[in-house]
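Working notes, structure below.
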Amino acid sequence: MSGVFGIINTKGDTKEVVRSAYYGIFSLQHRGQESAGIAVNNGGSFIVHKRPGLVTEVFDDITLNALEGSCAIGHARGGDGTIGIEGLQPSSIRSSVGNIALSCDTSILNSEELRDDLKNKGAIFQTATDSETILSLFSRKRVASESTEQAILATMKELKGVYSLLFMADNALIGVRDPHGIRPLCLGKMGDLYMLSSENCAFDAIGAEFIRDLEPGEIISISGNEVKSYFYNDEVTSEDRIKSGNICVFEYVYVARPDSYIDGTSVFDSRYRVGKALATEQPCDVDIVIGAPDSGNVAALGYADGLGVPFSMGLLKNRYVGRTFIKSTQEQRELAVRMKFAALKPAIQGKRIAIVDDSLVRGTTTKHIIKFLKENGAKEVHVRLASPGVKFPCCYGVNASNDSDLPASNMSVEEIKELIGADSLRYISLESLKKSLEGLKCNSCSACFDGNYIAGKPSVLEKSVHKVTYN
């Protein structure tokens with residue numbers, strides 16, 4: 001998955017727009033660490049700066065001072081690292097109907113078919129990215145449409161998959177959430193500034209007000225003093241659209257920041273509740289409970305409270321190493337894990353420990369953590385997971401493209417326990433995980449746990465060749 005952030009000054013002022021966009025994508029860095037970029041609209045002239053690396057590596061004061069405009073869109077990219085420099089986002093094109101830039105968090109399942117059709121019509125592609133496919137399709141729809149919004153709606157009708165899109169047009173900032181509502185996107189405001197973001201934590205970072213989540217299939221267009229909405233399906237009520245959505249459950253398990261609210265549910269509260277439920281379902285006779293930092297900490301606190309056992313610090317995290325789960329290759333992930341954690345010996349020596357993690361996808365991180373703990377004096381290490389076994393390749397965003405990468409798909413719990421070196425291993429049930437999403441206004445997608453691909457499968461997955469590129 002990736003993080004997208006857009007901002008527009010409805011009065012046309014350029015003050016604080018680009019800096020706010022920078023802080024916005026910095027706040028979404030947890031969603032992607034491959035690359036970062038910002039595109040700005042300065043009086044109709046589009047300027048794009050994007051590079052591989054973290055947000056703080058891509059931008060400095062000199063660069064930010066050179067980027068001035070009344071509207072900006074930003075991107076923090078996750079993915080598999082294979083697209084090359086030319087495929088980084090935001091993407092921008094000039095067409096006969098004006099400039100357009102795009103920042104997106106997508107998995108377009110019929111991208112290959114769309115590209116072949118567009119090539120037959122004369123389109124030329126420089127990359128293999130979803131963003132270029134969407135822009136090419138949009139530009140053709142725009143010629144035949146009365147407005148940018150109608151062209152986007154026509155584009156949506158041909159897209160199969162999941163997406164959150166931010167378009168920057170000559171005079172508007174436009175956000176789009178896919179009809180399934182699997183990817184998050186929300187609206188915020190601060191004075192004359194309107195913002196769109198993958199998560200509302202980005203609004204908190206700059207002191208903006210969270211207004212609401214976009215509805216599944218909603219196009220929201222901000223221009224001047226007008227904020228207008230268009231809908232993929234305008235024949236049903238707003239309440240029915242929201243209820244029919246299926247937000248990715250992995251947002252609450254791992255992806256989102258704990259201080260975010262998505263579709264009515266606090267990420268922090270849901271993780272705490274699932275930890276308490278885990279204590280009821282899968283108790284453990286231990287001296288202390290620790291979390292696998294950082295995404296396992298909240299569930300670990302709930303687990304400790306549920307057991308009535310002290311919650312303790314057992315691992316020190318190197319804050320300068322990113323999230324190993326979204327590194328590009330297995331070799332990079334293993335090296336990052338070795339660099340990432342250190343055991344706190346006084347807290348764990350001679351102790352029976354339960355370590356709570358958000359999930360077990362490949363098992364690499366968990367295996368190294370257990371090794372660290374035992375090498376530094378832990379008597380026993382019992383693993384408790386705040387999600388079910390990840391058994392199915394997710395073509396919507398979880399960066400595991402082959403079921404051979406997923407131990408839970410072809411190994412028993414006992415075999416996985418031996419693989420990672422734990423004294424015991426237990427998972428939360430999917431039923432309890434979903435019950436923890438108290439306050440959720442819609443349904444949830446749990447394809448990685450139950451194989452129910454709500455938005456369909458790409459042809460490569462249907463053929464059991466599980467290779468999917470994410471954008």
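Labels used: A, B, ... for chains in the order of the structure tokens, numbers from 1 for residues in each chain, and numbers from 1 for ligands as shown.
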Subject >> Shell around Gly87 in chain A at 9 Å using only C-alpha atoms, local window under 3 positions removed, as a ChimeraX atom specification >> reply: /A:83-84,90-91,126-129,131-132
Original post:
Residues at most 8 Å from Gln349 in chain A, counting only C-alpha atoms, excluding those fewer than 5 positions away in the same chain, as number ranges by chain?
Top reply: A: 376-379
Original post:
Mind pulling up the distance from CA of Ala208 in chain A to CA of Ile247 in chain A?
Top reply: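 Between these atoms lies a distance of 23.7 Å.
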Can you pull out every residue within 7 Å of range 385-393 of chain A, counting only C-alpha atoms, but drop anything in the same chain fewer than 2 positions away, and send it as a PDB file with N, CA and C atoms, in the first residue's frame?
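Final output, saved to around-v4.pdb:
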ATOM      1  N   VAL A 253      -5.163  -4.082  11.490  1.00  0.00           N
ATOM      2  CA  VAL A 253      -4.190  -5.043  12.007  1.00  0.00           C
ATOM      3  C   VAL A 253      -2.779  -4.459  11.987  1.00  0.00           C
ATOM      4  N   VAL A 274      -8.803  -6.334  20.328  1.00  0.00           N
ATOM      5  CA  VAL A 274      -8.421  -7.647  19.808  1.00  0.00           C
ATOM      6  C   VAL A 274      -7.394  -8.306  20.727  1.00  0.00           C
ATOM      7  N   GLY A 275      -6.569  -7.508  21.387  1.00  0.00           N
ATOM      8  CA  GLY A 275      -5.623  -8.054  22.358  1.00  0.00           C
ATOM      9  C   GLY A 275      -6.335  -8.681  23.550  1.00  0.00           C
ATOM     10  N   LEU A 278      -7.873 -11.865  22.468  1.00  0.00           N
ATOM     11  CA  LEU A 278      -6.831 -12.888  22.316  1.00  0.00           C
ATOM     12  C   LEU A 278      -6.507 -13.529  23.664  1.00  0.00           C
ATOM     13  N   ALA A 299      -2.007  -4.166  20.874  1.00  0.00           N
ATOM     14  CA  ALA A 299      -2.630  -5.469  21.121  1.00  0.00           C
ATOM     15  C   ALA A 299      -1.982  -6.156  22.321  1.00  0.00           C
ATOM     16  N   VAL A 356       3.324 -10.434  21.746  1.00  0.00           N
ATOM     17  CA  VAL A 356       2.155 -10.256  20.895  1.00  0.00           C
ATOM     18  C   VAL A 356       2.563  -9.454  19.675  1.00  0.00           C
ATOM     19  N   ASP A 357       2.276 -10.007  18.516  1.00  0.00           N
ATOM     20  CA  ASP A 357       2.550  -9.313  17.259  1.00  0.00           C
ATOM     21  C   ASP A 357       1.235  -9.135  16.515  1.00  0.00           C
ATOM     22  N   ASP A 358       1.235  -8.185  15.568  1.00  0.00           N
ATOM     23  CA  ASP A 358       0.007  -7.913  14.820  1.00  0.00           C
ATOM     24  C   ASP A 358      -0.360  -9.076  13.908  1.00  0.00           C
ATOM     25  N   SER A 359       0.652  -9.698  13.304  1.00  0.00           N
ATOM     26  CA  SER A 359       0.386 -10.765  12.335  1.00  0.00           C
ATOM     27  C   SER A 359       1.669 -11.530  12.088  1.00  0.00           C
ATOM     28  N   LEU A 360       1.523 -12.661  11.396  1.00  0.00           N
ATOM     29  CA  LEU A 360       2.675 -13.402  10.921  1.00  0.00           C
ATOM     30  C   LEU A 360       2.442 -13.651   9.440  1.00  0.00           C
ATOM     31  N   VAL A 361       3.196 -12.946   8.616  1.00  0.00           N
ATOM     32  CA  VAL A 361       3.028 -13.076   7.167  1.00  0.00           C
ATOM     33  C   VAL A 361       4.049 -14.072   6.637  1.00  0.00           C
ATOM     34  N   VAL A 383       4.349 -16.990  21.411  1.00  0.00           N
ATOM     35  CA  VAL A 383       3.895 -16.003  20.428  1.00  0.00           C
ATOM     36  C   VAL A 383       2.371 -16.021  20.350  1.00  0.00           C
ATOM     37  N   CYS A 395      -4.112  -9.594  -3.565  1.00  0.00           N
ATOM     38  CA  CYS A 395      -3.878  -8.790  -4.762  1.00  0.00           C
ATOM     39  C   CYS A 395      -4.344  -7.353  -4.572  1.00  0.00           C
ATOM     40  N   ALA A 400       2.647  -9.660  -0.405  1.00  0.00           N
ATOM     41  CA  ALA A 400       3.051 -11.054  -0.502  1.00  0.00           C
ATOM     42  C   ALA A 400       2.356 -11.622  -1.719  1.00  0.00           C
ATOM     43  N   SER A 401       3.090 -11.870  -2.769  1.00  0.00           N
ATOM     44  CA  SER A 401       2.487 -12.163  -4.059  1.00  0.00           C
ATOM     45  C   SER A 401       2.435 -13.649  -4.377  1.00  0.00           C
ATOM     46  N   ASN A 402       2.946 -14.477  -3.491  1.00  0.00           N
ATOM     47  CA  ASN A 402       2.996 -15.904  -3.772  1.00  0.00           C
ATOM     48  C   ASN A 402       2.629 -16.674  -2.514  1.00  0.00           C
ATOM     49  N   ASP A 403       1.747 -17.677  -2.634  1.00  0.00           N
ATOM     50  CA  ASP A 403       1.335 -18.397  -1.437  1.00  0.00           C
ATOM     51  C   ASP A 403       2.480 -19.201  -0.815  1.00  0.00           C
ATOM     52  N   LEU A 406       3.809 -17.613   2.275  1.00  0.00           N
ATOM     53  CA  LEU A 406       2.910 -17.546   3.415  1.00  0.00           C
ATOM     54  C   LEU A 406       2.885 -18.896   4.146  1.00  0.00           C
ATOM     55  N   ALA A 408       1.306 -19.942   6.688  1.00  0.00           N
ATOM     56  CA  ALA A 408      -0.013 -20.394   7.133  1.00  0.00           C
ATOM     57  C   ALA A 408      -0.811 -21.063   6.027  1.00  0.00           C
ATOM     58  N   SER A 409      -0.391 -20.860   4.757  1.00  0.00           N
ATOM     59  CA  SER A 409      -1.125 -21.453   3.644  1.00  0.00           C
ATOM     60  C   SER A 409      -0.747 -22.913   3.406  1.00  0.00           C
ATOM     61  N   ARG A 426      -0.151 -19.171  18.855  1.00  0.00           N
ATOM     62  CA  ARG A 426      -1.592 -19.165  18.722  1.00  0.00           C
ATOM     63  C   ARG A 426      -2.044 -17.892  17.991  1.00  0.00           C
ATOM     64  N   TYR A 427      -3.151 -18.047  17.231  1.00  0.00           N
ATOM     65  CA  TYR A 427      -3.744 -16.937  16.486  1.00  0.00           C
ATOM     66  C   TYR A 427      -5.100 -16.556  17.082  1.00  0.00           C
ATOM     67  N   ILE A 428      -5.511 -15.310  16.883  1.00  0.00           N
ATOM     68  CA  ILE A 428      -6.881 -14.893  17.160  1.00  0.00           C
ATOM     69  C   ILE A 428      -7.776 -15.423  16.041  1.00  0.00           C
ATOM     70  N   SER A 429      -9.044 -15.630  16.329  1.00  0.00           N
ATOM     71  CA  SER A 429      -9.979 -16.069  15.295  1.00  0.00           C
ATOM     72  C   SER A 429     -10.425 -14.872  14.447  1.00  0.00           C
ATOM     73  N   LEU A 430     -10.802 -15.137  13.215  1.00  0.00           N
ATOM     74  CA  LEU A 430     -11.287 -14.069  12.346  1.00  0.00           C
ATOM     75  C   LEU A 430     -12.560 -13.456  12.916  1.00  0.00           C
ATOM     76  N   LEU A 433     -11.507 -11.017  15.550  1.00  0.00           N
ATOM     77  CA  LEU A 433     -10.878  -9.858  14.935  1.00  0.00           C
ATOM     78  C   LEU A 433     -11.935  -8.892  14.415  1.00  0.00           C
ATOM     79  N   ALA A 447      -9.682 -10.857   2.621  1.00  0.00           N
ATOM     80  CA  ALA A 447      -9.281 -11.844   1.611  1.00  0.00           C
ATOM     81  C   ALA A 447      -8.004 -12.574   1.987  1.00  0.00           C
ATOM     82  N   CYS A 448      -7.065 -11.887   2.659  1.00  0.00           N
ATOM     83  CA  CYS A 448      -5.802 -12.533   3.016  1.00  0.00           C
ATOM     84  C   CYS A 448      -5.991 -13.611   4.067  1.00  0.00           C
ATOM     85  N   PHE A 449      -7.111 -13.557   4.788  1.00  0.00           N
ATOM     86  CA  PHE A 449      -7.400 -14.555   5.812  1.00  0.00           C
ATOM     87  C   PHE A 449      -8.384 -15.625   5.347  1.00  0.00           C
ATOM     88  N   GLY A 451      -9.738 -15.797   1.833  1.00  0.00           N
ATOM     89  CA  GLY A 451      -9.759 -16.062   0.399  1.00  0.00           C
ATOM     90  C   GLY A 451     -10.959 -15.492  -0.327  1.00  0.00           C
TER      91      GLY A 451
END
**OP:** List every residue of range 227-305 of chain A that DSSP, applied to the backbone of this structure, places in strand (DSSP E or B), and write the result as a VMD selection string.
**Re:** chain A and resid 227 to 231 246 to 248 261 to 262 265 to 266 288 to 291
